[in-house]
Amino acid sequence: MPSFALLGQSVLSGVFVGALYGLLGLGLTLSWGLLRQINLGHFALVFLGAYLTFQLTAAAGMDPLLTLAVVAPAFFVFGMALHGLLARFSVTPLNTLLVTFGFMVMIESLIQWIWTADFRRMETHYGDVRWKIGGLFVPLPELLTLLIAVALALGVWAVLRYSDLGKAMRAAAEDAPVAAAFGVNEKVLALLLSGMCAAFAAVAGTCLALSHTLAPGQIYAWIGVVFAVVMMGGLGNPLGPLLAGLVVGVSEALTQALTAPAWAPLVSFTLLIAILLFRPGRFE
Amino acid sequence: MKPLALFAAAGAVLAAVPFLGLPAFYESFLYLVFHWVVLATSWNLLSGYSGYFSFGHAAFFGAGVYSTAVLAGKLGWPFLWTLPVAAAVPALLGVALGAVVFRVHALRGELFALITLALMFVFATIALNTPIDGGPGVFLGAVAVPSIAPSPSGSFYLIALVLALGTIGIAYAVFHSRFGTGLFAIHDDEDVAEVMGVPTYRYKLAALALSCGLAGLAGGIHGVFVSYVTVGETFSGWMALNVILMAALGGTRHWLGPAVGAAAVTLMTFAFTTSEYAVAGRAAVGLVFIVVILFMPQGLLGRFAHRKVLPKGEAVAPLASPAGKGGEPILVVRDVSKSFRGVQALAGVDLEVRRGEILGLVGPNGSGKSTLINVISGHYRSDAGSLLFEGRELSREPPHRIARGGIARTYQIPRPFPRLTVLENVALPPMFGQVVMDRRDAEKEAWRWLEFTHLEGKAHRLPDDLNLHQRKFLELARALASRPRLLFLDEVLSGLTPAEMDEAIRLVRAIREQGATIVFVEHVMRAVMELADRVVVLTYGRTIAQGMPREVMRDPQVIGAYLGTAHA
């Protein structure tokens, strides 16, 4: 039986990984649940954001978090353009998967062309900061990721639930023609939402650059787990990916600590299958 | 049999390739094309045809890979002997998965995709942590491959060719069969398909087993082809995604679509990424995807996705309805109740339907008329009571068995299968009715009912092209085509113009002349008075009156139910 400190450290690292799952899943769940677009390009955008953060920090000497002031608005525009294209051709949900796959491959090629296929690691003063709290090590980059993930998820949840804008977005997602009949400009809302999702990809990218080594091939490594987390959390629910991500992250980390590391995925996915079989109503 | 001849010719030409003395590279490249053709086509058998999207095709592919890896690599079985196992293991795993998942009604769409994706991770973890793989991978380089061609790559080429042609042949056969029609109906509207007689559970299970078995077979061959298998390479979400992309690019609603997509993607990837501009090549692949899907949303073969139109031919002789005596009860409903979370929709309904009659079922909105039809047709299961149809208890039967017993229904809001043509819609019930017909006979039968409802001019159109009155008549034709002995019509007249209504009334009479017993729910009182031999009135889920139309309509209880009682 591992020591208490080791277990505590495992749970903590699971929470940090889970926060990143949640952050990556946020934009995906919103576009899937509210716009019926399964956006594979999101993964590539996250990595493009991470590389841009890396570049701006390394070359221009910017603070990694400040780079978002440049990257997020640019991504927002890209997200709106993507939605404009998908809406112009009224692409079906299945086909959005294919079209955005195309974008994913193109962005990956772009990354590889500019930054090569080698691993890149961002060196910042954030990486040196870590605290020891009650026997547990808390690195600053991971803590920032957790805080940002929680703040964004709660913020989006509050906006969707309480603001007029959010209510209009949910109404438009449920029944666009009826929402339009009640004066909701659902086309503009969808553009805004798509832009927002892409901006969230920029945020996730910055967090990824802070704590992870980057390589273009890594884009695909995230798809399986993040997709599972998004679907587990309930499509369109901004808190869902974060909560599901934390469950998956912690259960993986605990399995790693208690048994062989390689058994880790079994727990989270068996859990997922069990929930699906016995509580399917929870997902509707 | 023109397609068969074409098929045999293509096979013969392709089979000659290894004997031409080409460099091994070409054989290996074509092997990869066949490999992806099998994977994409097998995925499409379940996911494209029935609409149950699997994200976990790699799980079953991997089960095949490791079946062969363990048997040939670790236990020393001859390669070819392992292949039946490589097909059987994933097929059984698929059946086990389906037997659980297909019973849970809510596990459709994204949730089915999710559970298959999760299953892939579970399989991968098990393989990684048990002697199946154990971590280091399995080396299969020492496995002997039967030398059926001058070179080893040629042998793999031939084995994969046989499997690819076989898979395409299966896809073709399923596409044109009753089975395929049933799967397409499940894709469009599973509940209606079941009510029309399609055994949806068994069909989904069969499609899943077939799909998994073929993927496993491809896996068993591929493991030995690559000669070294690892968990990470085998169980990859990337592979599952690739297969979906290939199928969608080629067209999921065409039997050859996934094969075309697989060949196109494999060729494209090779052509663009092996040159010195590999990175630009990959970007070009991405761009091609975007452009093709935007401008050809149904895939490359999408525009050809409609099945061959069979010659119209002579209508088959009418099926003789069993000439029961008029007047005896054909359906006896006793004390049937049904509630939805506290709303008591049916509270002990009693009624009798007599053979050969037209029974009007009336009552105010929310009185339980449609629920009663839904319970009798098996769409909902009753909470209590008995439903005896010709002496047989229906209340625990699945809907498709009820349909086969000779009961048909229409939906108040027409629910045609949107992606099947009008003719295919009407030809579906006879394929799954009391007398099972093949597609050719069923279509002949369908033509008869299209003429009967004056829809023959629209036979090859999609239901979306019809107006409301035509859609209602399509509902009617579809219900009639199964030659039911008992027919439920749920508000077929509402929303029709007076002229259309006259035509509909004439049709209903003609249906009865052919020997069917009819129960119709209607709010249009003129039609009730003209058509019904007897009337049953429901209020709050109970029968409050039955008898001749004129008498029942004068019943104070009935007047009260419709207009309210005076509280003076």
# chains A, B, ... in the order shown; residues from 1 in each chain; ligands from 1
>>> residues_around(residues="A:Leu214", least_positions_apart="6", cutoff="7 Å", atoms="only C-alpha atoms", output="JSON, numbers by chain")
{"A": [119, 120, 121]}
>>> residues_around(residues="stretch 78-90 of chain A", least_positions_apart="4", cutoff="8 Å", atoms="only C-alpha atoms", output="ChimeraX atom specification")
/A:74,96,190-192,194-199 /B:294
>>> interface_residues(of="chain A", to="chain B", cutoff="9 Å", atoms="only C-alpha atoms", output="PyMOL selection string")
chain A and resi 86+89-92+94-110+112-113+220-221+223-225+227-228+231-232+260+262-270+272-273+276-278+280-281+283-284
>>> write_last_selection(atoms="N, CA and C atoms", output="compact mmCIF listing (two decimals), in the first residue's frame")
# COMPACT_ATOMS: atom_id res chain seq x y z
N LEU A 86 -19.56 26.27 -42.54
CA LEU A 86 -20.42 25.11 -42.29
C LEU A 86 -21.89 25.47 -42.48
N PHE A 89 -22.96 25.90 -46.25
CA PHE A 89 -23.19 24.66 -46.99
C PHE A 89 -24.15 23.73 -46.24
N SER A 90 -24.80 24.21 -45.20
CA SER A 90 -25.66 23.40 -44.31
C SER A 90 -25.11 21.98 -44.14
N VAL A 91 -23.94 21.90 -43.55
CA VAL A 91 -23.26 20.61 -43.40
C VAL A 91 -23.94 19.81 -42.27
N THR A 92 -24.19 18.54 -42.53
CA THR A 92 -24.83 17.69 -41.52
C THR A 92 -23.83 17.39 -40.39
N LEU A 94 -22.66 14.62 -39.15
CA LEU A 94 -21.62 13.65 -39.52
C LEU A 94 -20.58 14.32 -40.41
N ASN A 95 -21.06 15.12 -41.36
CA ASN A 95 -20.13 15.73 -42.29
C ASN A 95 -19.28 16.82 -41.66
N THR A 96 -19.77 17.44 -40.55
CA THR A 96 -18.90 18.41 -39.87
C THR A 96 -17.67 17.69 -39.33
N LEU A 97 -17.86 16.44 -38.93
CA LEU A 97 -16.72 15.64 -38.46
C LEU A 97 -15.67 15.55 -39.56
N LEU A 98 -16.14 15.33 -40.79
CA LEU A 98 -15.21 15.15 -41.91
C LEU A 98 -14.56 16.46 -42.31
N VAL A 99 -15.37 17.50 -42.41
CA VAL A 99 -14.82 18.78 -42.83
C VAL A 99 -13.80 19.27 -41.82
N THR A 100 -14.15 19.16 -40.53
CA THR A 100 -13.20 19.64 -39.52
C THR A 100 -11.99 18.72 -39.42
N PHE A 101 -12.17 17.45 -39.80
CA PHE A 101 -11.00 16.58 -39.90
C PHE A 101 -10.03 17.16 -40.92
N GLY A 102 -10.58 17.61 -42.04
CA GLY A 102 -9.75 18.24 -43.06
C GLY A 102 -8.96 19.41 -42.49
N PHE A 103 -9.66 20.25 -41.70
CA PHE A 103 -8.98 21.38 -41.09
C PHE A 103 -7.90 20.92 -40.12
N MET A 104 -8.22 19.84 -39.39
CA MET A 104 -7.25 19.33 -38.43
C MET A 104 -5.95 18.94 -39.15
N VAL A 105 -6.11 18.20 -40.24
CA VAL A 105 -4.93 17.75 -40.97
C VAL A 105 -4.16 18.95 -41.54
N MET A 106 -4.91 19.94 -42.05
CA MET A 106 -4.23 21.11 -42.62
C MET A 106 -3.48 21.89 -41.56
N ILE A 107 -4.11 22.06 -40.40
CA ILE A 107 -3.45 22.80 -39.32
C ILE A 107 -2.23 22.02 -38.83
N GLU A 108 -2.38 20.69 -38.74
CA GLU A 108 -1.25 19.87 -38.32
C GLU A 108 -0.08 20.04 -39.28
N SER A 109 -0.42 20.04 -40.58
CA SER A 109 0.66 20.22 -41.58
C SER A 109 1.32 21.58 -41.42
N LEU A 110 0.49 22.58 -41.16
CA LEU A 110 1.02 23.94 -40.97
C LEU A 110 1.99 23.96 -39.79
N GLN A 112 3.63 21.48 -38.54
CA GLN A 112 4.82 20.71 -38.85
C GLN A 112 5.76 21.48 -39.77
N TRP A 113 5.16 22.24 -40.67
CA TRP A 113 5.94 23.03 -41.62
C TRP A 113 6.71 24.13 -40.89
N TYR A 220 -3.26 13.81 -32.00
CA TYR A 220 -4.19 12.67 -32.07
C TYR A 220 -4.28 11.92 -30.75
N ALA A 221 -3.27 12.09 -29.90
CA ALA A 221 -3.25 11.35 -28.64
C ALA A 221 -4.38 11.77 -27.72
N ILE A 223 -7.51 12.77 -28.65
CA ILE A 223 -8.87 12.68 -29.19
C ILE A 223 -9.74 11.70 -28.40
N GLY A 224 -9.22 10.47 -28.18
CA GLY A 224 -10.03 9.43 -27.55
C GLY A 224 -10.56 9.83 -26.19
N VAL A 225 -9.66 10.21 -25.31
CA VAL A 225 -10.07 10.51 -23.94
C VAL A 225 -10.96 11.74 -23.89
N PHE A 227 -12.86 13.01 -26.21
CA PHE A 227 -14.19 12.69 -26.73
C PHE A 227 -15.03 11.98 -25.67
N ALA A 228 -14.40 11.00 -25.02
CA ALA A 228 -15.13 10.25 -23.98
C ALA A 228 -15.59 11.19 -22.87
N MET A 231 -18.58 13.32 -24.02
CA MET A 231 -19.85 12.60 -24.10
C MET A 231 -20.33 12.20 -22.71
N MET A 232 -19.37 11.85 -21.84
CA MET A 232 -19.73 11.51 -20.47
C MET A 232 -20.37 12.69 -19.76
N ALA A 260 -0.57 -1.59 -11.59
CA ALA A 260 0.38 -1.25 -12.64
C ALA A 260 -0.15 -0.03 -13.39
N ALA A 262 -0.23 0.65 -16.33
CA ALA A 262 -0.87 0.34 -17.61
C ALA A 262 -2.34 -0.02 -17.45
N TRP A 263 -2.79 -0.33 -16.24
CA TRP A 263 -4.21 -0.66 -16.07
C TRP A 263 -5.09 0.59 -16.03
N ALA A 264 -4.47 1.76 -15.97
CA ALA A 264 -5.21 2.99 -15.70
C ALA A 264 -6.46 3.19 -16.55
N PRO A 265 -6.39 3.05 -17.89
CA PRO A 265 -7.58 3.38 -18.68
C PRO A 265 -8.77 2.49 -18.37
N LEU A 266 -8.50 1.27 -17.89
CA LEU A 266 -9.60 0.32 -17.68
C LEU A 266 -10.64 0.88 -16.72
N VAL A 267 -10.16 1.51 -15.66
CA VAL A 267 -11.09 1.99 -14.62
C VAL A 267 -12.05 3.02 -15.17
N SER A 268 -11.48 4.07 -15.79
CA SER A 268 -12.36 5.14 -16.22
C SER A 268 -13.34 4.66 -17.28
N PHE A 269 -12.85 3.78 -18.17
CA PHE A 269 -13.75 3.38 -19.25
C PHE A 269 -14.75 2.32 -18.82
N THR A 270 -14.38 1.47 -17.87
CA THR A 270 -15.37 0.54 -17.35
C THR A 270 -16.45 1.32 -16.60
N LEU A 272 -17.34 4.32 -17.27
CA LEU A 272 -18.16 4.96 -18.29
C LEU A 272 -19.18 3.98 -18.85
N ILE A 273 -18.73 2.77 -19.17
CA ILE A 273 -19.65 1.78 -19.75
C ILE A 273 -20.75 1.45 -18.74
N LEU A 276 -23.26 4.20 -18.63
CA LEU A 276 -24.08 4.18 -19.85
C LEU A 276 -25.16 3.10 -19.76
N LEU A 277 -24.77 1.91 -19.26
CA LEU A 277 -25.72 0.81 -19.26
C LEU A 277 -26.79 0.97 -18.19
N PHE A 278 -26.39 1.49 -17.04
CA PHE A 278 -27.35 1.47 -15.94
C PHE A 278 -28.06 2.79 -15.74
N PRO A 280 -28.72 5.24 -18.47
CA PRO A 280 -28.64 5.90 -19.77
C PRO A 280 -29.42 7.21 -19.80
N GLY A 281 -30.44 7.31 -18.96
CA GLY A 281 -31.26 8.52 -18.97
C GLY A 281 -30.47 9.75 -18.61
N PHE A 283 -27.85 10.74 -19.76
CA PHE A 283 -27.18 11.36 -20.90
C PHE A 283 -28.15 12.06 -21.85
N GLU A 284 -29.46 11.94 -21.59
CA GLU A 284 -30.40 12.49 -22.56
C GLU A 284 -30.70 13.96 -22.29
>>> select_by_dssp(residues="stretch 443-562 of chain B", states="alpha helix (DSSP H)", output="PyMOL selection string")
chain B and resi 443-452+468-481+498-513+525-531+549-554+556-562
>>> select_by_dssp(residues="stretch 76-180 of chain A", states="strand (DSSP E)", output="ChimeraX atom specification")
/A:130-133,136-139
>>> residues_around(residues="B:Arg355", least_positions_apart="2", cutoff="6 Å", atoms="only C-alpha atoms", output="ChimeraX atom specification")
/B:326-330,357,517
>>> write_last_selection(atoms="all heavy atoms", output="compact mmCIF listing (two decimals), in the first residue's frame")
# COMPACT_ATOMS: atom_id res chain seq x y z
N GLY B 326 -68.39 -12.82 -40.46
CA GLY B 326 -68.54 -11.46 -39.99
C GLY B 326 -69.14 -11.47 -38.59
O GLY B 326 -69.90 -12.38 -38.24
N GLY B 327 -68.77 -10.50 -37.80
CA GLY B 327 -69.46 -10.36 -36.53
C GLY B 327 -68.75 -10.96 -35.33
O GLY B 327 -68.87 -10.44 -34.23
N GLU B 328 -67.96 -12.03 -35.52
CA GLU B 328 -67.27 -12.59 -34.36
C GLU B 328 -66.16 -11.63 -33.95
O GLU B 328 -65.62 -10.91 -34.78
CB GLU B 328 -66.68 -13.97 -34.71
CG GLU B 328 -66.00 -13.95 -36.06
CD GLU B 328 -64.81 -14.87 -36.17
OE1 GLU B 328 -64.36 -15.38 -35.15
OE2 GLU B 328 -64.31 -15.03 -37.29
N PRO B 329 -65.77 -11.62 -32.67
CA PRO B 329 -64.73 -10.68 -32.25
C PRO B 329 -63.36 -11.07 -32.79
O PRO B 329 -62.99 -12.23 -32.73
CB PRO B 329 -64.77 -10.75 -30.73
CG PRO B 329 -65.50 -12.00 -30.39
CD PRO B 329 -66.36 -12.36 -31.55
N ILE B 330 -62.66 -10.08 -33.40
CA ILE B 330 -61.30 -10.35 -33.88
C ILE B 330 -60.28 -9.87 -32.85
O ILE B 330 -59.22 -10.45 -32.68
CB ILE B 330 -61.08 -9.68 -35.27
CG1 ILE B 330 -59.70 -9.99 -35.82
CG2 ILE B 330 -61.26 -8.19 -35.22
CD1 ILE B 330 -59.53 -9.56 -37.27
N GLU B 357 -65.92 -5.26 -39.54
CA GLU B 357 -66.59 -3.98 -39.29
C GLU B 357 -65.63 -2.81 -39.45
O GLU B 357 -64.42 -2.97 -39.53
CB GLU B 357 -67.20 -3.96 -37.89
CG GLU B 357 -66.19 -3.77 -36.77
CD GLU B 357 -66.85 -3.63 -35.40
OE1 GLU B 357 -68.06 -3.35 -35.33
OE2 GLU B 357 -66.14 -3.81 -34.39
N THR B 517 -60.57 -5.61 -41.35
CA THR B 517 -61.35 -4.97 -40.30
C THR B 517 -60.65 -3.66 -39.96
O THR B 517 -59.41 -3.62 -39.91
CB THR B 517 -61.38 -5.88 -39.05
OG1 THR B 517 -61.82 -7.17 -39.45
CG2 THR B 517 -62.27 -5.31 -37.97
>>> residues_around(residues="stretch 184-191 of chain B", least_positions_apart="3", cutoff="7 Å", atoms="only C-alpha atoms", output="PyMOL selection string")
chain B and resi 49-51+180-181+194-195+200+417-419
